[in-house]
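S.K.: I'd like to ask you about the structure that follows.
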Amino acid sequence: MKLLTEKIVNTDTFAGRVDIITGIDDFESPVEYNDEWHTYKLNGKFLPSVTQILDDGSFDHIKDEPFFIYACNKGTMVHDEIEQWLLTKNKGFTAELYEFIRLFNDNQDLFNSKAVFDVKTSTILNKKKTKEQLQMYCEGIEYLTGTKITDMFAIHLPASKPGRIVKL
């Protein structure tokens with residue numbers, strides 16, 4: 001089984017952060033990604049990210065609030081821990097990582113299929129927005145590889161609750 005995470009396949013280079021892609025080989029992209037600035041370029045021109053494309057402004061009124069900044073930082077940390085675990089099997093320290101490992105071990109059939117997974121750490125999973133996001137990732141993967149992916153899953157890891165995998 002080969003799991004692809006964003007740094008291996010540079011999935012950010014088609015303007016989005018895909019956490020896990022399974023069932024396809026590594027691929028190249030003509031888009032340049034700058035990890036430090038989270039920016040994307042094609043032929044020297046900046047591209048919007050999937051998040052920017054789908055941003056409906058619903059969080060504009062709280063983007064500077066400490067709890068929102070904390071939630072964003074926590075989500076990034078959990079994403080990074082999961083990526084490191086997938087690449088090296090080194091364990092981090094968050095409860096969300098350990099829930100992910102449990103879900104991963106208990107759902108090998110899903111992780112052996114051709115699918116895209118995105119990790120969400122929010123208290124409430126917004127299925128509609130997550131599905132829109134993953135559909136754009138699938139379109140980008142198909143454009144870059146010619147491989148059509150139709151199975152999309154959210155790995156929902158809310159704090160203090162059991163994690164779950166949701167088919168979208």
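Labels used: A, B, ... for chains in the order of the structure tokens, numbers from 1 for residues in each chain, and numbers from 1 for ligands as shown.
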Could you pull out the alpha helix (DSSP H) residues of chain A, going by DSSP on the backbone, and write them as an NGL selection string?

M.R.: :A and (6-9 or 50-54 or 66-88 or 95-106 or 108-111 or 127-145)

S.K.: Mind pulling up the distance from atom CA of Asn34 of chain A to atom CA of Glu142 of chain A?

M.R.: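 Taking atom CA of Glu142 of chain A as the start and atom CA of Asn34 of chain A as the end point, the length is 22.3 Å.
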
S.K.: For Lys74 of chain A, find every residue with an atom within 10 Å (counting only C-alpha atoms), except residues of its own chain fewer than 3 positions away, and show them as a list in words.

M.R.: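 Selected residues are Phe68, Ile69, Tyr70, Ala71, Met77, Val78, His79, Asp80, Thr94, Glu96, Thr121 and Ser122 of chain A.
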
S.K.: Let me make sure I understand: among A:Arg102, A:Leu97, A:Glu32, A:Thr22, which one has the smallest atom-to-atom distance to Phe153 of chain A if we use only C-alpha atoms?

M.R.: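 Closest to Phe153 of chain A of all the choices is A:Thr22.
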
S.K.: Using only C-alpha atoms, which of the listed residues (A:Ile124, A:Met152, A:Cys138, A:Ile21) sits closest to Val166 of chain A?

M.R.: A:Met152

S.K.: Counting only C-alpha atoms, which residues of segment 46-119 of chain A sit at most 12 Å from some atom of segment 129-132 of chain A, and what is each one's closest atom pair with its distance in Å to one decimal, listed by chain and rising residue number, as CSV?

M.R.:
```
residue,atom,partner,partner_atom,distance
A:Val50,CA,A:Glu132,CA,9.4
A:Thr51,CA,A:Lys129,CA,10.0
A:Ile53,CA,A:Glu132,CA,10.5
A:Leu54,CA,A:Glu132,CA,8.0
A:Asp55,CA,A:Lys129,CA,9.6
A:Asp56,CA,A:Lys129,CA,10.1
A:Ser58,CA,A:Lys129,CA,11.5
A:Val116,CA,A:Lys131,CA,10.6
A:Phe117,CA,A:Thr130,CA,10.1
A:Asp118,CA,A:Thr130,CA,8.0
A:Val119,CA,A:Thr130,CA,9.6
```

S.K.: Go ahead and dump the residues you just picked, N, CA and C atoms, as a tab-separated table (two decimals), in the first residue's frame.

M.R.:
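Okay, again_29.tsv is ready:
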```tsv
chain	number	residue	atom	x	y	z
A	50	VAL	N	-7.42	26.51	-2.97
A	50	VAL	CA	-8.80	26.01	-2.91
A	50	VAL	C	-9.54	26.74	-1.79
A	51	THR	N	-8.86	26.95	-0.67
A	51	THR	CA	-9.48	27.67	0.44
A	51	THR	C	-9.89	29.07	0.02
A	53	ILE	N	-10.54	30.10	-3.04
A	53	ILE	CA	-11.61	30.00	-4.03
A	53	ILE	C	-12.96	29.77	-3.34
A	54	LEU	N	-12.96	28.92	-2.33
A	54	LEU	CA	-14.21	28.55	-1.67
A	54	LEU	C	-14.59	29.48	-0.51
A	55	ASP	N	-13.74	30.43	-0.16
A	55	ASP	CA	-14.00	31.32	0.97
A	55	ASP	C	-15.25	32.15	0.70
A	56	ASP	N	-16.25	31.97	1.55
A	56	ASP	CA	-17.50	32.72	1.39
A	56	ASP	C	-17.61	33.87	2.38
A	58	SER	N	-17.62	33.69	5.61
A	58	SER	CA	-18.37	33.38	6.83
A	58	SER	C	-17.53	33.46	8.11
A	116	VAL	N	-9.49	10.18	-1.68
A	116	VAL	CA	-8.89	11.39	-1.12
A	116	VAL	C	-9.50	11.58	0.27
A	117	PHE	N	-8.63	11.89	1.22
A	117	PHE	CA	-9.04	12.10	2.60
A	117	PHE	C	-8.58	13.49	3.04
A	118	ASP	N	-9.41	14.17	3.82
A	118	ASP	CA	-8.99	15.44	4.40
A	118	ASP	C	-9.30	15.40	5.89
A	119	VAL	N	-8.34	15.81	6.69
A	119	VAL	CA	-8.49	15.82	8.14
A	119	VAL	C	-9.14	17.13	8.58
```

S.K.: Within 8 Å of Arg164 of chain A, counting only C-alpha atoms, which residues qualify if same-chain residues fewer than 6 places away don't, as a PyMOL selection string?

M.R.: chain A and resi 103+155-157

S.K.: Those same residues - C-alpha atoms - I'd like them written as a compact mmCIF listing (two decimals), in the first residue's frame.

M.R.:
```txt
# COMPACT_ATOMS: atom_id res chain seq x y z
CA LEU A 103 -9.03 5.04 12.62
CA ILE A 155 -11.40 12.25 8.85
CA HIS A 156 -13.16 14.14 11.62
CA LEU A 157 -11.01 14.49 14.75
```

S.K.: For Ile149 of chain A, which residue among A:Ile62, A:Ala115, A:Leu47, A:Leu134 is the nearest when counting only C-alpha atoms?

M.R.: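 Once distances to Ile149 of chain A are computed over only C-alpha atoms, the minimum belongs to A:Ala115.
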
S.K.: For Ile165 of chain A, which residue among A:Thr88, A:Asn107, A:Thr39, A:Gln52 is the nearest when counting only C-alpha atoms?

M.R.: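 For Ile165 of chain A, the nearest of the given residues is A:Asn107.
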